[in-house]
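Below is one structure, written out as structure tokens; comments come after it.
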Amino acid sequence: MIKQISCAHLLTLTAVQPTRDYICDECVKTGDSWVHLRTCQTCGTTLCCDASPNKHATRHFHTSTHPVVASAEPGERWLWCYADEQMAGY
Ligand SMILES: [Zn+2]
Ligand SMILES: [Zn+2]
Ligand SMILES: [Zn+2]
């Protein structure tokens, strides 16, 4: 059951930015490993999340304030807004 969306970021998103590379753009620079990947819907950067030690996607939201990410995991079709903590399928 999908909750009612009250997030303007998700409601006004017209197209989902696809993932270019299935790597964390920050972890590859330092040689760290990642678990889950998210693609920022503002700048297109793909970063690690959740169980990854560096949680670069969360950090990216706090430093850039880009609110919406899409899951970059194959077969997953959902968006997440960090600002409003809301999820939407697509
Ligand atoms: Zn939002
Ligand atoms: Zn990372
Ligand atoms: Zn971004």
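Quick note on naming: the chains in the structure tokens go A, B, ... in the order shown, residues restart at 1 in each chain, and ligands are numbered from 1 in order of appearance.
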Contact residues around range 63-80 of chain A with only C-alpha atoms at 8 Å, ignoring same-chain residues under 3 positions, as a list in words: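 Here the qualifying residues turn out to be His9, Leu10, Val16, Gln17, Thr19, Tyr22, His36, Leu37, Arg38, Thr39, Cys40, Gln41, Thr42, Cys43, Thr46, Arg59, His60, Ala83, Glu85, Gln86, Met87, Ala88, Gly89 and Tyr90 of chain A.
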When the cut-off is 6 Å and you count only C-alpha atoms and all ligand atoms, which residues lie near ligand 2, shown as an NGL selection string? :A and (24 or 26-27 or 34 or 47-48 or 54-56)
Tell me, which residues of chain A carry DSSP strand (DSSP E), written as a ChimeraX atom specification? /A:36-40,46-49,68-71,78-81,86-89
Go ahead and write the residues just picked, N, CA, C and O atoms, as a short mmCIF file (atom, residue, chain, number, x, y, z; two decimals), in the first residue's frame.
```
data_model
loop_
_atom_site.label_atom_id
_atom_site.label_comp_id
_atom_site.auth_asym_id
_atom_site.auth_seq_id
_atom_site.Cartn_x
_atom_site.Cartn_y
_atom_site.Cartn_z
N HIS A 36 24.59 -0.61 -1.44
CA HIS A 36 23.44 -0.14 -2.21
C HIS A 36 23.77 1.15 -2.94
O HIS A 36 24.51 1.98 -2.43
N LEU A 37 23.18 1.33 -4.13
CA LEU A 37 23.44 2.54 -4.91
C LEU A 37 22.16 3.32 -5.18
O LEU A 37 21.10 2.74 -5.41
N ARG A 38 22.29 4.65 -5.14
CA ARG A 38 21.18 5.56 -5.42
C ARG A 38 21.68 6.60 -6.42
O ARG A 38 22.82 7.04 -6.32
N THR A 39 20.81 7.01 -7.35
CA THR A 39 21.19 8.04 -8.31
C THR A 39 20.47 9.34 -7.97
O THR A 39 19.24 9.38 -7.91
N CYS A 40 21.25 10.40 -7.76
CA CYS A 40 20.69 11.71 -7.46
C CYS A 40 19.92 12.23 -8.67
O CYS A 40 20.44 12.25 -9.78
N THR A 46 25.77 8.96 -8.89
CA THR A 46 25.38 7.71 -8.24
C THR A 46 26.25 7.48 -7.02
O THR A 46 27.48 7.53 -7.11
N LEU A 47 25.59 7.25 -5.87
CA LEU A 47 26.31 7.14 -4.60
C LEU A 47 25.74 5.99 -3.76
O LEU A 47 24.63 5.53 -4.00
N CYS A 48 26.53 5.58 -2.76
CA CYS A 48 26.14 4.44 -1.95
C CYS A 48 25.22 4.85 -0.79
O CYS A 48 25.17 6.00 -0.40
N CYS A 49 24.51 3.88 -0.25
CA CYS A 49 23.49 4.18 0.75
C CYS A 49 23.35 3.03 1.75
O CYS A 49 24.06 2.04 1.66
N VAL A 68 16.04 14.31 -4.02
CA VAL A 68 15.46 13.05 -4.50
C VAL A 68 16.52 12.14 -5.12
O VAL A 68 17.32 12.56 -5.95
N VAL A 69 16.49 10.87 -4.70
CA VAL A 69 17.33 9.86 -5.31
C VAL A 69 16.45 8.74 -5.85
O VAL A 69 15.34 8.52 -5.37
N ALA A 70 16.95 8.04 -6.87
CA ALA A 70 16.29 6.84 -7.37
C ALA A 70 17.17 5.65 -7.04
O ALA A 70 18.39 5.76 -7.03
N SER A 71 16.54 4.52 -6.74
CA SER A 71 17.34 3.32 -6.53
C SER A 71 18.07 2.96 -7.81
O SER A 71 17.49 2.99 -8.89
N TRP A 78 11.98 2.75 -7.62
CA TRP A 78 11.41 3.65 -6.61
C TRP A 78 12.30 4.86 -6.40
O TRP A 78 13.49 4.84 -6.67
N LEU A 79 11.66 5.91 -5.93
CA LEU A 79 12.33 7.17 -5.63
C LEU A 79 12.20 7.46 -4.15
O LEU A 79 11.24 7.02 -3.51
N TRP A 80 13.15 8.19 -3.61
CA TRP A 80 13.11 8.56 -2.20
C TRP A 80 13.48 10.02 -2.07
O TRP A 80 14.46 10.48 -2.67
N CYS A 81 12.67 10.75 -1.30
CA CYS A 81 12.99 12.15 -1.02
C CYS A 81 13.54 12.24 0.39
O CYS A 81 12.85 11.90 1.35
N GLN A 86 9.94 10.58 2.01
CA GLN A 86 8.84 9.90 1.35
C GLN A 86 9.32 9.12 0.14
O GLN A 86 10.28 9.52 -0.52
N MET A 87 8.63 8.01 -0.11
CA MET A 87 8.98 7.11 -1.19
C MET A 87 7.89 7.10 -2.24
O MET A 87 6.71 7.28 -1.91
N ALA A 88 8.29 6.90 -3.49
CA ALA A 88 7.30 6.78 -4.57
C ALA A 88 7.80 5.76 -5.56
O ALA A 88 9.00 5.69 -5.86
N GLY A 89 6.90 4.94 -6.09
CA GLY A 89 7.25 4.02 -7.16
C GLY A 89 7.14 4.72 -8.50
O GLY A 89 6.57 5.80 -8.59
#
```
So that I can check the secondary structure, give me every residue of chain A assigned helix (DSSP H, G or I) by backbone DSSP, as a list in words. Ala8, His9, Leu10, Leu11, Cys27, Val28, Lys29, Thr30, His56, Ala57, Thr58, Arg59, His60, Phe61, His62, Thr63 and Ser64 of chain A
So how far away is CA of Ala51 in chain A from CA of Asp84 in chain A, in Å? 20.9 Å
Would you compute the distance between CA of Ile23 in chain A and CA of Ala8 in chain A? Give it in Å to one decimal.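 Separation between CA of Ile23 in chain A and CA of Ala8 in chain A: 28.6 Å.
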When distances are computed from only C-alpha atoms and all ligand atoms, which of A:Thr12, A:Gln4, A:Thr45, A:Gly31 shows the smallest separation from ligand 1? A:Thr12
A:Val28, A:Val35, A:His62, A:Cys7 ranked by distance to ligand 3, top pick (using only C-alpha atoms and all ligand atoms):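 Of all the options, A:His62 lies closest to ligand 3.
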Option closest in space to ligand 3, from A:Thr30, A:Phe61, A:Pro53, A:Ala15 [counting only C-alpha atoms and all ligand atoms]: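 Between A:Thr30, A:Phe61, A:Pro53, A:Ala15, the residue approaching ligand 3 most closely is A:Phe61.
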Rank A:Tyr82, A:Ile5, A:Thr58, A:Gly44 by their smallest atom-to-atom distance to ligand 3, using only C-alpha atoms and all ligand atoms, and report the top residue only. A:Gly44
